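Q: Dropping in final26.txt, which is compact mmCIF, C-alpha atoms and all ligand atoms:
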# COMPACT_ATOMS: atom_id res chain seq x y z
CA MET P 1 -32.76 20.15 -192.50
CA THR P 2 -33.88 16.65 -191.48
CA PRO P 3 -33.82 14.26 -194.43
CA HIS P 4 -37.15 12.66 -195.31
CA GLN P 5 -37.58 9.24 -193.70
CA THR P 6 -39.07 7.02 -196.37
CA VAL P 7 -42.34 5.34 -195.38
CA LEU P 8 -43.12 1.70 -196.35
CA LEU P 9 -39.87 1.54 -198.34
CA ASP P 10 -39.62 -2.21 -198.98
CA GLU P 11 -43.39 -2.64 -199.06
CA LEU P 12 -43.93 -0.11 -201.86
CA VAL P 13 -41.04 -1.28 -204.04
CA ASN P 14 -41.90 -4.98 -203.50
CA ALA P 15 -45.52 -4.23 -204.42
CA LEU P 16 -44.34 -3.06 -207.85
CA ALA P 17 -42.65 -6.46 -208.48
CA LEU P 18 -40.02 -4.83 -210.76
CA LYS P 19 -37.51 -6.94 -212.69
CA ALA P 20 -34.08 -6.19 -214.14
CA GLY P 21 -34.38 -4.07 -217.28
CA ASP P 22 -37.86 -2.69 -216.43
CA ILE P 23 -38.96 0.91 -216.97
CA ALA P 24 -40.81 2.42 -214.02
CA ILE P 25 -42.03 5.77 -212.70
CA ASP P 26 -41.77 7.38 -209.27
CA CYS P 27 -44.33 10.20 -209.26
CA THR P 28 -43.03 11.69 -206.00
CA VAL P 29 -39.24 11.61 -205.75
CA GLY P 30 -39.01 13.70 -202.54
CA GLY P 31 -36.03 12.47 -200.51
CA ALA P 32 -35.51 9.78 -203.21
CA GLY P 33 -35.69 6.77 -200.86
CA HIS P 34 -38.16 4.87 -203.03
CA THR P 35 -36.45 6.03 -206.23
CA GLU P 36 -33.11 4.63 -205.07
CA LYS P 37 -34.61 1.26 -204.22
CA MET P 38 -36.47 1.14 -207.55
CA LEU P 39 -33.17 1.81 -209.34
CA GLN P 40 -31.68 -1.20 -207.55
CA ALA P 41 -34.63 -3.35 -208.62
CA VAL P 42 -34.43 -2.47 -212.33
CA GLY P 43 -30.61 -2.59 -212.42
CA PRO P 44 -28.22 -1.00 -214.94
CA LYS P 45 -30.36 -1.92 -217.97
CA GLY P 46 -33.54 -0.43 -216.49
CA LEU P 47 -34.87 3.12 -216.40
CA ILE P 48 -36.66 5.14 -213.71
CA LEU P 49 -38.50 8.37 -214.51
CA GLY P 50 -38.84 10.49 -211.38
CA PHE P 51 -41.27 13.40 -210.98
CA ASP P 52 -41.39 16.13 -208.36
CA ARG P 53 -42.72 19.64 -208.56
CA ASP P 54 -40.44 20.87 -205.81
CA GLU P 55 -37.12 22.06 -207.22
CA ARG P 56 -35.43 21.76 -203.82
CA ALA P 57 -36.36 18.08 -203.51
CA LEU P 58 -35.06 17.43 -207.03
CA GLY P 59 -31.81 19.27 -206.23
CA LEU P 60 -31.18 16.89 -203.33
CA ALA P 61 -32.13 13.88 -205.48
CA ARG P 62 -29.63 15.00 -208.16
CA GLU P 63 -26.88 14.89 -205.52
CA ARG P 64 -27.98 11.61 -203.95
CA LEU P 65 -28.47 9.83 -207.27
CA ALA P 66 -25.71 11.43 -209.36
CA GLY P 67 -24.46 7.98 -210.47
CA PRO P 68 -27.68 6.65 -212.09
CA LEU P 69 -28.36 10.12 -213.55
CA ALA P 70 -24.95 10.06 -215.26
CA THR P 71 -25.47 6.55 -216.67
CA GLY P 72 -28.97 7.40 -217.96
CA CYS P 73 -30.79 4.93 -215.64
CA LEU P 74 -32.61 7.85 -214.03
CA ARG P 75 -34.39 10.82 -215.58
CA LEU P 76 -35.72 13.50 -213.23
CA ILE P 77 -38.64 15.65 -214.33
CA LYS P 78 -39.54 18.91 -212.60
CA GLY P 79 -43.30 19.15 -212.83
CA PRO P 80 -46.63 17.95 -211.45
CA PHE P 81 -47.40 14.26 -211.76
CA SER P 82 -50.59 15.22 -213.59
CA SER P 83 -48.26 15.76 -216.59
CA LEU P 84 -47.16 12.10 -216.46
CA GLY P 85 -49.27 10.99 -219.46
CA GLN P 86 -47.85 13.71 -221.73
CA VAL P 87 -44.25 13.17 -220.60
CA VAL P 88 -44.42 9.40 -221.05
CA ASP P 89 -46.15 9.77 -224.42
CA ALA P 90 -43.55 12.26 -225.64
CA ALA P 91 -40.81 9.79 -224.67
CA GLY P 92 -42.57 7.04 -226.66
CA LEU P 93 -42.98 4.92 -223.52
CA THR P 94 -46.77 4.58 -223.20
CA GLY P 95 -47.65 0.89 -222.71
CA LYS P 96 -44.04 0.03 -221.82
CA ILE P 97 -44.10 0.94 -218.13
CA ALA P 98 -43.78 -1.94 -215.64
CA GLY P 99 -44.54 0.03 -212.49
CA VAL P 100 -45.82 3.41 -211.32
CA CYS P 101 -45.71 4.53 -207.72
CA ALA P 102 -46.55 7.59 -205.67
CA ASP P 103 -46.03 8.49 -202.02
CA ILE P 104 -48.25 11.54 -201.95
CA GLY P 105 -48.47 14.62 -199.80
CA VAL P 106 -45.77 16.73 -198.26
CA SER P 107 -42.34 15.47 -197.27
CA SER P 108 -40.72 15.91 -193.87
CA MET P 109 -38.47 18.44 -195.58
CA HIS P 110 -41.50 20.59 -196.38
CA LEU P 111 -42.72 20.45 -192.80
CA ASP P 112 -39.29 21.04 -191.30
CA GLU P 113 -38.30 23.93 -193.60
CA VAL P 114 -40.00 26.60 -191.51
CA GLU P 115 -39.96 29.22 -194.27
CA ARG P 116 -42.15 27.04 -196.54
CA GLY P 117 -45.13 27.88 -194.31
CA PHE P 118 -46.61 24.37 -194.07
CA SER P 119 -46.51 24.14 -190.30
CA PHE P 120 -48.14 26.10 -187.50
CA GLN P 121 -45.39 25.07 -185.06
CA ASN P 122 -43.24 28.06 -186.07
CA ASP P 123 -43.88 31.49 -187.51
CA ALA P 124 -43.25 31.90 -191.24
CA PRO P 125 -44.83 33.47 -194.34
CA LEU P 126 -48.06 31.68 -195.23
CA ASP P 127 -46.84 30.09 -198.46
CA MET P 128 -47.58 26.29 -198.60
CA ARG P 129 -46.72 25.88 -202.30
CA MET P 130 -44.82 22.70 -203.14
CA ASP P 131 -43.70 24.40 -206.34
CA GLN P 132 -42.39 27.78 -205.25
CA GLU P 133 -41.85 28.85 -208.84
CA GLY P 134 -45.54 29.40 -209.57
CA GLY P 135 -49.12 29.41 -208.33
CA ARG P 136 -50.86 31.23 -205.51
CA THR P 137 -49.64 31.12 -201.93
CA ALA P 138 -52.01 30.34 -199.05
CA ALA P 139 -51.84 34.03 -198.04
CA GLU P 140 -52.96 35.08 -201.55
CA LEU P 141 -55.77 32.53 -201.48
CA LEU P 142 -57.01 33.79 -198.09
CA ALA P 143 -56.84 37.42 -199.26
CA ASP P 144 -59.83 37.22 -201.58
CA ILE P 145 -61.71 33.92 -201.23
CA GLU P 146 -65.42 34.44 -200.49
CA LEU P 147 -66.91 33.38 -197.16
CA ASP P 148 -69.03 30.53 -198.57
CA ALA P 149 -66.20 29.17 -200.70
CA LEU P 150 -63.79 29.28 -197.74
CA THR P 151 -66.32 27.48 -195.51
CA GLN P 152 -66.71 24.77 -198.15
CA LEU P 153 -62.94 24.46 -198.61
CA LEU P 154 -62.43 23.93 -194.84
CA ARG P 155 -65.24 21.35 -194.77
CA ASP P 156 -64.22 19.46 -197.90
CA TYR P 157 -60.45 19.40 -197.51
CA GLY P 158 -60.08 19.69 -193.73
CA GLU P 159 -63.26 17.91 -192.57
CA GLU P 160 -63.38 20.82 -190.11
CA PRO P 161 -66.58 20.80 -188.01
CA LYS P 162 -66.14 24.49 -187.12
CA ALA P 163 -65.57 25.56 -190.72
CA ARG P 164 -68.12 28.38 -190.67
CA GLN P 165 -66.81 30.00 -187.46
CA ILE P 166 -63.23 29.84 -188.71
CA ALA P 167 -64.11 31.16 -192.17
CA LYS P 168 -66.05 34.07 -190.63
CA ARG P 169 -63.14 34.95 -188.37
CA ILE P 170 -60.70 34.87 -191.29
CA VAL P 171 -62.89 37.10 -193.46
CA HIS P 172 -63.55 39.52 -190.59
CA THR P 173 -59.86 39.73 -189.64
CA ARG P 174 -58.53 40.21 -193.17
CA ASP P 175 -60.76 43.25 -193.64
CA GLU P 176 -58.56 44.95 -191.03
CA THR P 177 -55.20 43.16 -191.35
CA PRO P 178 -54.03 40.87 -194.17
CA ILE P 179 -53.34 37.31 -192.98
CA THR P 180 -49.79 36.64 -194.09
CA THR P 181 -48.09 34.42 -191.50
CA THR P 182 -48.57 30.91 -190.08
CA ALA P 183 -48.59 32.14 -186.46
CA GLN P 184 -51.24 34.73 -187.26
CA LEU P 185 -53.49 32.11 -188.89
CA ALA P 186 -52.92 29.54 -186.12
CA ALA P 187 -53.82 32.08 -183.40
CA LEU P 188 -56.88 33.22 -185.30
CA VAL P 189 -58.18 29.66 -185.76
CA LYS P 190 -57.52 28.87 -182.11
CA ALA P 191 -59.59 31.88 -181.08
CA ALA P 192 -62.42 31.03 -183.50
CA ALA P 193 -62.67 27.30 -182.81
CA ALA P 194 -62.69 26.83 -179.07
CA TYR P 195 -62.00 23.09 -178.81
CA PRO P 196 -61.67 21.57 -175.32
CA THR P 197 -58.10 22.06 -174.12
CA ALA P 198 -57.78 18.28 -173.60
CA SER P 199 -58.01 17.77 -177.40
CA ARG P 200 -54.77 16.23 -178.69
CA LYS P 201 -54.83 18.04 -182.01
CA HIS P 202 -53.90 21.70 -182.39
CA PRO P 203 -57.14 23.48 -183.38
CA ALA P 204 -55.46 24.73 -186.58
CA THR P 205 -54.49 21.23 -187.82
CA ARG P 206 -57.51 20.82 -190.08
CA THR P 207 -57.39 24.38 -191.42
CA PHE P 208 -53.71 24.00 -192.38
CA GLN P 209 -54.42 20.66 -194.07
CA ALA P 210 -57.34 22.15 -196.03
CA LEU P 211 -55.33 25.15 -197.23
CA ARG P 212 -52.37 22.99 -198.25
CA ILE P 213 -54.63 20.71 -200.28
CA ALA P 214 -56.27 23.70 -201.98
CA VAL P 215 -53.03 25.61 -202.69
CA ASN P 216 -51.47 22.55 -204.34
CA ASP P 217 -54.70 21.18 -205.90
CA GLU P 218 -53.71 17.88 -204.30
CA LEU P 219 -56.93 15.99 -204.95
CA GLY P 220 -57.16 17.16 -208.58
CA GLU P 221 -53.56 16.07 -209.08
CA LEU P 222 -54.25 12.67 -207.53
CA GLN P 223 -57.36 12.09 -209.66
CA SER P 224 -55.45 12.92 -212.81
CA MET P 225 -52.51 10.69 -211.83
CA LEU P 226 -54.88 7.77 -211.11
CA ASP P 227 -56.03 7.80 -214.73
CA SER P 228 -52.74 8.53 -216.48
CA GLY P 229 -50.64 6.27 -214.21
CA PHE P 230 -52.78 3.27 -215.10
CA ALA P 231 -52.98 4.19 -218.79
CA VAL P 232 -49.19 4.14 -219.34
CA LEU P 233 -48.71 0.64 -217.82
CA LYS P 234 -47.97 -2.42 -219.91
CA PRO P 235 -50.01 -5.61 -219.26
CA HIS P 236 -49.20 -6.94 -215.74
CA GLY P 237 -47.70 -3.58 -214.85
CA ARG P 238 -48.34 -2.49 -211.26
CA PHE P 239 -49.50 0.81 -209.80
CA ALA P 240 -48.95 1.43 -206.07
CA ILE P 241 -49.90 4.50 -204.05
CA ILE P 242 -49.22 5.50 -200.45
CA SER P 243 -51.68 8.04 -199.06
CA PHE P 244 -51.76 9.78 -195.71
CA HIS P 245 -55.30 10.89 -194.99
CA SER P 246 -58.81 9.62 -195.50
CA LEU P 247 -59.67 12.01 -198.36
CA GLU P 248 -56.76 10.72 -200.43
CA ASP P 249 -57.24 7.09 -199.46
CA ARG P 250 -60.91 7.26 -200.45
CA LEU P 251 -59.94 8.60 -203.89
CA VAL P 252 -57.31 5.88 -204.36
CA LYS P 253 -59.64 3.11 -203.17
CA HIS P 254 -62.53 4.16 -205.43
CA GLY P 255 -60.21 5.10 -208.31
CA PHE P 256 -58.59 1.64 -208.27
CA LEU P 257 -61.98 -0.02 -208.01
CA ALA P 258 -63.19 1.90 -211.07
CA LEU P 259 -60.02 0.91 -212.95
CA THR P 260 -60.69 -2.79 -212.37
CA GLY P 261 -63.99 -2.48 -214.24
CA ARG P 262 -65.56 -4.76 -211.64
CA ARG P 263 -68.55 -2.51 -211.16
CA GLU P 264 -69.87 -3.87 -214.42
CA ARG P 265 -70.37 -7.37 -212.95
CA ALA P 266 -74.15 -6.86 -213.07
CA ASP P 267 -73.96 -6.79 -216.89
CA ILE P 268 -72.87 -10.43 -217.10
CA PRO P 269 -75.52 -12.93 -218.14
CA ARG P 270 -76.00 -15.47 -215.35
CA ASP P 271 -77.72 -18.19 -217.37
CA ILE P 272 -74.95 -18.92 -219.94
CA PRO P 273 -71.85 -20.99 -219.07
CA LEU P 274 -68.82 -18.70 -219.54
CA ARG P 275 -65.07 -19.28 -219.61
CA GLU P 276 -62.92 -17.02 -217.40
CA ILE P 277 -61.62 -15.19 -220.45
CA ASP P 278 -65.22 -14.43 -221.55
CA VAL P 279 -66.03 -13.04 -218.11
CA VAL P 280 -62.94 -10.82 -218.23
CA GLN P 281 -63.97 -9.48 -221.65
CA LEU P 282 -67.62 -9.05 -220.76
CA MET P 283 -66.80 -7.19 -217.58
CA HIS P 284 -64.20 -5.04 -219.33
CA VAL P 285 -61.88 -6.09 -216.52
CA ARG P 286 -58.78 -4.00 -216.87
CA GLY P 287 -57.12 -4.43 -213.53
CA GLN P 288 -56.89 -6.52 -210.41
CA ILE P 289 -56.53 -5.13 -206.91
CA ILE P 290 -53.64 -6.91 -205.25
CA LYS P 291 -55.04 -7.03 -201.72
CA PRO P 292 -58.55 -6.02 -200.61
CA PHE P 293 -57.16 -4.10 -197.62
CA PRO P 294 -54.44 -1.46 -197.62
CA MET P 295 -50.99 -2.34 -196.31
CA LEU P 296 -50.06 -0.37 -193.16
CA PRO P 297 -46.72 0.37 -191.48
CA SER P 298 -45.66 -1.94 -188.65
CA GLU P 299 -45.57 -0.82 -185.00
CA ALA P 300 -41.77 -0.68 -185.25
CA GLN P 301 -41.93 1.57 -188.34
CA ILE P 302 -44.36 3.91 -186.57
CA ARG P 303 -42.15 4.03 -183.47
CA ALA P 304 -39.14 4.91 -185.62
CA ASN P 305 -41.08 7.46 -187.70
CA PRO P 306 -44.34 8.71 -186.14
CA ARG P 307 -45.24 10.51 -189.43
CA ALA P 308 -45.76 7.03 -190.94
CA ARG P 309 -48.71 6.28 -188.65
CA SER P 310 -51.46 7.23 -191.10
CA ALA P 311 -49.84 5.76 -194.23
CA LYS P 312 -51.86 3.33 -196.37
CA LEU P 313 -50.52 1.48 -199.39
CA ARG P 314 -52.82 0.20 -202.13
CA THR P 315 -51.77 -1.64 -205.29
CA ILE P 316 -53.46 -2.59 -208.55
CA GLU P 317 -52.16 -4.68 -211.46
CA LYS P 318 -53.15 -4.06 -215.08
CA ILE P 319 -54.52 -7.10 -216.86
C1 LIG C 401 -43.92 12.21 -199.20
S1 LIG C 401 -42.80 12.92 -200.31
C2 LIG C 401 -42.09 11.58 -201.16
C3 LIG C 401 -40.97 10.93 -200.41
C4 LIG C 401 -40.20 9.88 -201.18
N1 LIG C 401 -41.03 8.76 -201.55
C5 LIG C 401 -38.99 9.40 -200.40
O1 LIG C 401 -38.74 8.19 -200.35
O2 LIG C 401 -38.26 10.23 -199.88
C6 LIG C 401 -43.84 13.59 -201.51
C7 LIG C 401 -43.13 14.38 -202.59
O3 LIG C 401 -44.03 14.48 -203.68
C8 LIG C 401 -43.99 15.77 -204.21
N2 LIG C 401 -45.32 16.02 -204.77
C9 LIG C 401 -46.50 16.08 -204.12
N3 LIG C 401 -47.49 16.31 -204.97
C10 LIG C 401 -46.94 16.36 -206.21
C11 LIG C 401 -47.47 16.53 -207.51
N4 LIG C 401 -48.77 16.72 -207.72
N5 LIG C 401 -46.62 16.49 -208.55
C12 LIG C 401 -45.28 16.27 -208.36
N6 LIG C 401 -44.73 16.12 -207.14
C13 LIG C 401 -45.55 16.16 -206.08
C14 LIG C 401 -43.67 16.68 -203.05
O4 LIG C 401 -43.03 17.85 -203.50
C15 LIG C 401 -42.74 15.79 -202.21
O5 LIG C 401 -41.40 16.03 -202.50
As C-alpha cells - that is how I would like this structure written.
A:
Amino acid sequence: MTPHQTVLLDELVNALALKAGDIAIDCTVGGAGHTEKMLQAVGPKGLILGFDRDERALGLARERLAGPLATGCLRLIKGPFSSLGQVVDAAGLTGKIAGVCADIGVSSMHLDEVERGFSFQNDAPLDMRMDQEGGRTAAELLADIELDALTQLLRDYGEEPKARQIAKRIVHTRDETPITTTAQLAALVKAAAAYPTASRKHPATRTFQALRIAVNDELGELQSMLDSGFAVLKPHGRFAIISFHSLEDRLVKHGFLALTGRRERADIPRDIPLREIDVVQLMHVRGQIIKPFPMLPSEAQIRANPRARSAKLRTIEKI
C-alpha cells in the first residue's frame, strides 16, 4: 500500500500558529503527516487529539506515533469528526483548544486499497465506506434508492450533467442484476453517459464522487465540524481546513464567513462615532478570516503529488 502523501504539510501546521504546551485537534489523522508535525509544534507538554473514522488509518497512526501515544501527548479517537464537540466536552477541554485542523476527503490509502471500492480503476466490491464497521455500502445504497432521489444525488454531490440518464440506467439495470462491483458501475455509467472520447475525465468520475459523498455523509459531517470545531477553540485559537472539491470549499468558505459574524455589518449605526471594540461587539464579530483567498499548493508540490492539485486551505481565527 502506498503511504498517504501529506498535502500542504507546513502550510496547514503553520496556519494553526501552535506554541509549546498547546492543546490542538487533528480531525483527520489519515497517514498522520499533519498530526506528527502538530506534535512537534506543541512539544512534550502539549496534547494532540486525533480523530479518524477509519480503523485501518488509526492502526497505522498507532505504529507511526507510538512514542507520543505512550507519553500521553497524543490521544487517538476512532469516530466521525462530527462527534468532536461531545468528545472535547467530555474531556473538559472546551474553550482550551488552540488549534483545530482537517484535511478532508479520502486518503491515498483509500484510493489505492482496491478492495475498499473507492476507485473505478480496478474491479472491487462497491463499498466506499470510510468506516467499514458500520453504515451502508454504495452497493446497498444503489439497491433501493428511488430514481428521483438518485438523480438529485448525482446532481448535488457529483455536479453530473447527465444525472438523469445515469440514474435511469442504474435503476433499469438493477431490476435485472444487482450492481455490486466498481467495474460494473463504471461500465454502466460509461454506456449511459456518452461523453466525447477526447474528454480527459473518465465518465464515471462524477458518479463515484457523488456516491462516496453520500455513503459517508461527507457534507453533513463537514457542516457539523465547522460549528463544533470553532466552538471548542479558546480566544485566538485557529481553525484550518483543506478541502479538495468545489462543494466542500464552498461550505468552508461560507461557513467561515458566517462564523466571523461579518454579515451583520449592516446593523451598525453609521452616524455615531464608534471605537473598534464597540464595532466588534455590535457586529457580534467572533472570528477573523486569516487571508481572503485560499492557500494553494505550489507547482512543485503538485508535480510531486498530483492528488494535491485541487487542494485549498482556508483559516479562521477566533476573536
Ligand atoms: C486526506 S486524509 C488525511 C491525511 C492526513 N492529513 C495526513 O497527513 O496523512 C483524510 C482522512 O480523514 C478521514 N475522515 C474523512 N472524513 C471523516 C470524518 N467525517 N470523520 C473522521 N474521519 C474522517 C479519512 O478516513 C481519512 O483517513
Q: Got a sec: who's within 8 Å of region 209-225 of chain P, counting only C-alpha atoms, leaving out chain neighbours fewer than 6 positions off, as an mmCIF file with C-alpha atoms, keeping the file's coordinate frame?
A:
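What landed in result_6.cif:
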data_model
loop_
_atom_site.group_PDB
_atom_site.id
_atom_site.type_symbol
_atom_site.label_atom_id
_atom_site.label_comp_id
_atom_site.auth_asym_id
_atom_site.auth_seq_id
_atom_site.Cartn_x
_atom_site.Cartn_y
_atom_site.Cartn_z
ATOM 1 C CA PRO P 80 -46.630 17.950 -211.450
ATOM 2 C CA PHE P 81 -47.400 14.260 -211.760
ATOM 3 C CA SER P 82 -50.590 15.220 -213.590
ATOM 4 C CA LEU P 84 -47.160 12.100 -216.460
ATOM 5 C CA GLY P 105 -48.470 14.620 -199.800
ATOM 6 C CA PHE P 118 -46.610 24.370 -194.070
ATOM 7 C CA MET P 128 -47.580 26.290 -198.600
ATOM 8 C CA ARG P 129 -46.720 25.880 -202.300
ATOM 9 C CA MET P 130 -44.820 22.700 -203.140
ATOM 10 C CA GLY P 135 -49.120 29.410 -208.330
ATOM 11 C CA ARG P 136 -50.860 31.230 -205.510
ATOM 12 C CA THR P 137 -49.640 31.120 -201.930
ATOM 13 C CA ALA P 138 -52.010 30.340 -199.050
ATOM 14 C CA LEU P 141 -55.770 32.530 -201.480
ATOM 15 C CA LEU P 153 -62.940 24.460 -198.610
ATOM 16 C CA LEU P 154 -62.430 23.930 -194.840
ATOM 17 C CA ASP P 156 -64.220 19.460 -197.900
ATOM 18 C CA TYR P 157 -60.450 19.400 -197.510
ATOM 19 C CA GLY P 158 -60.080 19.690 -193.730
ATOM 20 C CA GLU P 248 -56.760 10.720 -200.430
ATOM 21 C CA LEU P 251 -59.940 8.600 -203.890
ATOM 22 C CA GLY P 255 -60.210 5.100 -208.310
#
Q: Need to verify the contact set: Leu9 (chain P), 12 Å, only C-alpha atoms, exclusion of same-chain residues closer than 3 positions in sequence. Can you return it as number ranges by chain?
A: P: 4-6, 12-16, 31-38, 101-103, 240-242, 295-298, 301, 308, 311, 313
Q: Would you export the selected residues with C-alpha atoms as an mmCIF file, in the frame of the given file, please?
A:
data_model
loop_
_atom_site.group_PDB
_atom_site.id
_atom_site.type_symbol
_atom_site.label_atom_id
_atom_site.label_comp_id
_atom_site.auth_asym_id
_atom_site.auth_seq_id
_atom_site.Cartn_x
_atom_site.Cartn_y
_atom_site.Cartn_z
ATOM 1 C CA HIS P 4 -37.150 12.660 -195.310
ATOM 2 C CA GLN P 5 -37.580 9.240 -193.700
ATOM 3 C CA THR P 6 -39.070 7.020 -196.370
ATOM 4 C CA LEU P 12 -43.930 -0.110 -201.860
ATOM 5 C CA VAL P 13 -41.040 -1.280 -204.040
ATOM 6 C CA ASN P 14 -41.900 -4.980 -203.500
ATOM 7 C CA ALA P 15 -45.520 -4.230 -204.420
ATOM 8 C CA LEU P 16 -44.340 -3.060 -207.850
ATOM 9 C CA GLY P 31 -36.030 12.470 -200.510
ATOM 10 C CA ALA P 32 -35.510 9.780 -203.210
ATOM 11 C CA GLY P 33 -35.690 6.770 -200.860
ATOM 12 C CA HIS P 34 -38.160 4.870 -203.030
ATOM 13 C CA THR P 35 -36.450 6.030 -206.230
ATOM 14 C CA GLU P 36 -33.110 4.630 -205.070
ATOM 15 C CA LYS P 37 -34.610 1.260 -204.220
ATOM 16 C CA MET P 38 -36.470 1.140 -207.550
ATOM 17 C CA CYS P 101 -45.710 4.530 -207.720
ATOM 18 C CA ALA P 102 -46.550 7.590 -205.670
ATOM 19 C CA ASP P 103 -46.030 8.490 -202.020
ATOM 20 C CA ALA P 240 -48.950 1.430 -206.070
ATOM 21 C CA ILE P 241 -49.900 4.500 -204.050
ATOM 22 C CA ILE P 242 -49.220 5.500 -200.450
ATOM 23 C CA MET P 295 -50.990 -2.340 -196.310
ATOM 24 C CA LEU P 296 -50.060 -0.370 -193.160
ATOM 25 C CA PRO P 297 -46.720 0.370 -191.480
ATOM 26 C CA SER P 298 -45.660 -1.940 -188.650
ATOM 27 C CA GLN P 301 -41.930 1.570 -188.340
ATOM 28 C CA ALA P 308 -45.760 7.030 -190.940
ATOM 29 C CA ALA P 311 -49.840 5.760 -194.230
ATOM 30 C CA LEU P 313 -50.520 1.480 -199.390
#
Q: What's around Leu18 (chain P) at 10 Å? Count all atoms listed in the file, leave out sequence neighbours fewer than 6 positions away in its own chain, and write the answer as a PyMOL selection string.
A: chain P and resi 24+38-43+46+98-99+237-238
Q: Could you please take those selected residues and save C-alpha atoms as a short mmCIF file (atom, residue, chain, number, x, y, z; two decimals), keeping the file's coordinate frame?
A:
data_model
loop_
_atom_site.label_atom_id
_atom_site.label_comp_id
_atom_site.auth_asym_id
_atom_site.auth_seq_id
_atom_site.Cartn_x
_atom_site.Cartn_y
_atom_site.Cartn_z
CA ALA P 24 -40.81 2.42 -214.02
CA MET P 38 -36.47 1.14 -207.55
CA LEU P 39 -33.17 1.81 -209.34
CA GLN P 40 -31.68 -1.20 -207.55
CA ALA P 41 -34.63 -3.35 -208.62
CA VAL P 42 -34.43 -2.47 -212.33
CA GLY P 43 -30.61 -2.59 -212.42
CA GLY P 46 -33.54 -0.43 -216.49
CA ALA P 98 -43.78 -1.94 -215.64
CA GLY P 99 -44.54 0.03 -212.49
CA GLY P 237 -47.70 -3.58 -214.85
CA ARG P 238 -48.34 -2.49 -211.26
#
Q: Please measure the separation of CA of Asp54 (chain P) and atom C1 of ligand LIG 401 (chain C), giving the value in Å to one decimal.
A: 11.4 Å
Q: To one decimal place, how far is CA of Lys234 (chain P) from CA of Gln86 (chain P) in Å?
A: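 According to the coordinates, CA of Lys234 (chain P) and CA of Gln86 (chain P) are separated by 16.2 Å.
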Q: Kindly give the distance, in Å, that separates CA of Ala183 (chain P) and CA of Glu115 (chain P), rounded to a single decimal.
A: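 Value for the CA of Ala183 (chain P)-CA of Glu115 (chain P) distance: 12.0 Å.
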Q: Give me the residues within 10 Å of Leu111 (chain P) as a PyMOL selection string, counting all atoms listed in the file and dropping any in the same chain fewer than 5 places off.
A: chain P and resi 1-2+4+106+116-121+128
Q: Take region 119-130 of chain P, bring it up to N, CA, C and O atoms, and give me the output as a PDB file, in the coordinates of the input.
A:
ATOM      1  N   SER P 119     -46.282  24.569-191.672  1.00  0.00           N
ATOM      2  CA  SER P 119     -46.510  24.140-190.300  1.00  0.00           C
ATOM      3  C   SER P 119     -46.894  25.312-189.402  1.00  0.00           C
ATOM      4  O   SER P 119     -46.390  26.427-189.571  1.00  0.00           O
ATOM      5  N   PHE P 120     -47.777  25.028-188.431  1.00  0.00           N
ATOM      6  CA  PHE P 120     -48.140  26.100-187.500  1.00  0.00           C
ATOM      7  C   PHE P 120     -47.247  26.077-186.251  1.00  0.00           C
ATOM      8  O   PHE P 120     -47.460  26.833-185.335  1.00  0.00           O
ATOM      9  N   GLN P 121     -46.273  25.181-186.235  1.00  0.00           N
ATOM     10  CA  GLN P 121     -45.390  25.070-185.060  1.00  0.00           C
ATOM     11  C   GLN P 121     -44.450  26.270-184.946  1.00  0.00           C
ATOM     12  O   GLN P 121     -43.970  26.594-183.867  1.00  0.00           O
ATOM     13  N   ASN P 122     -44.137  26.904-186.091  1.00  0.00           N
ATOM     14  CA  ASN P 122     -43.240  28.060-186.070  1.00  0.00           C
ATOM     15  C   ASN P 122     -43.865  29.181-186.896  1.00  0.00           C
ATOM     16  O   ASN P 122     -44.756  28.917-187.685  1.00  0.00           O
ATOM     17  N   ASP P 123     -43.330  30.383-186.723  1.00  0.00           N
ATOM     18  CA  ASP P 123     -43.880  31.490-187.510  1.00  0.00           C
ATOM     19  C   ASP P 123     -43.106  31.647-188.820  1.00  0.00           C
ATOM     20  O   ASP P 123     -41.874  31.601-188.833  1.00  0.00           O
ATOM     21  N   ALA P 124     -43.861  31.773-189.920  1.00  0.00           N
ATOM     22  CA  ALA P 124     -43.250  31.900-191.240  1.00  0.00           C
ATOM     23  C   ALA P 124     -44.287  32.502-192.186  1.00  0.00           C
ATOM     24  O   ALA P 124     -45.483  32.500-191.876  1.00  0.00           O
ATOM     25  N   PRO P 125     -43.836  32.994-193.360  1.00  0.00           N
ATOM     26  CA  PRO P 125     -44.830  33.470-194.340  1.00  0.00           C
ATOM     27  C   PRO P 125     -45.770  32.342-194.725  1.00  0.00           C
ATOM     28  O   PRO P 125     -45.356  31.186-194.847  1.00  0.00           O
ATOM     29  N   LEU P 126     -47.030  32.684-194.936  1.00  0.00           N
ATOM     30  CA  LEU P 126     -48.060  31.680-195.230  1.00  0.00           C
ATOM     31  C   LEU P 126     -47.996  31.326-196.712  1.00  0.00           C
ATOM     32  O   LEU P 126     -48.742  31.856-197.520  1.00  0.00           O
ATOM     33  N   ASP P 127     -47.070  30.413-197.060  1.00  0.00           N
ATOM     34  CA  ASP P 127     -46.840  30.090-198.460  1.00  0.00           C
ATOM     35  C   ASP P 127     -47.537  28.777-198.828  1.00  0.00           C
ATOM     36  O   ASP P 127     -48.547  28.744-199.500  1.00  0.00           O
ATOM     37  N   MET P 128     -46.997  27.633-198.405  1.00  0.00           N
ATOM     38  CA  MET P 128     -47.580  26.290-198.600  1.00  0.00           C
ATOM     39  C   MET P 128     -47.512  25.772-200.028  1.00  0.00           C
ATOM     40  O   MET P 128     -48.104  24.741-200.318  1.00  0.00           O
ATOM     41  N   ARG P 129     -46.809  26.437-200.941  1.00  0.00           N
ATOM     42  CA  ARG P 129     -46.720  25.880-202.300  1.00  0.00           C
ATOM     43  C   ARG P 129     -45.607  24.835-202.342  1.00  0.00           C
ATOM     44  O   ARG P 129     -44.502  25.076-201.863  1.00  0.00           O
ATOM     45  N   MET P 130     -45.894  23.686-202.927  1.00  0.00           N
ATOM     46  CA  MET P 130     -44.820  22.700-203.140  1.00  0.00           C
ATOM     47  C   MET P 130     -43.896  23.204-204.246  1.00  0.00           C
ATOM     48  O   MET P 130     -42.699  23.002-204.203  1.00  0.00           O
TER      49      MET P 130
END
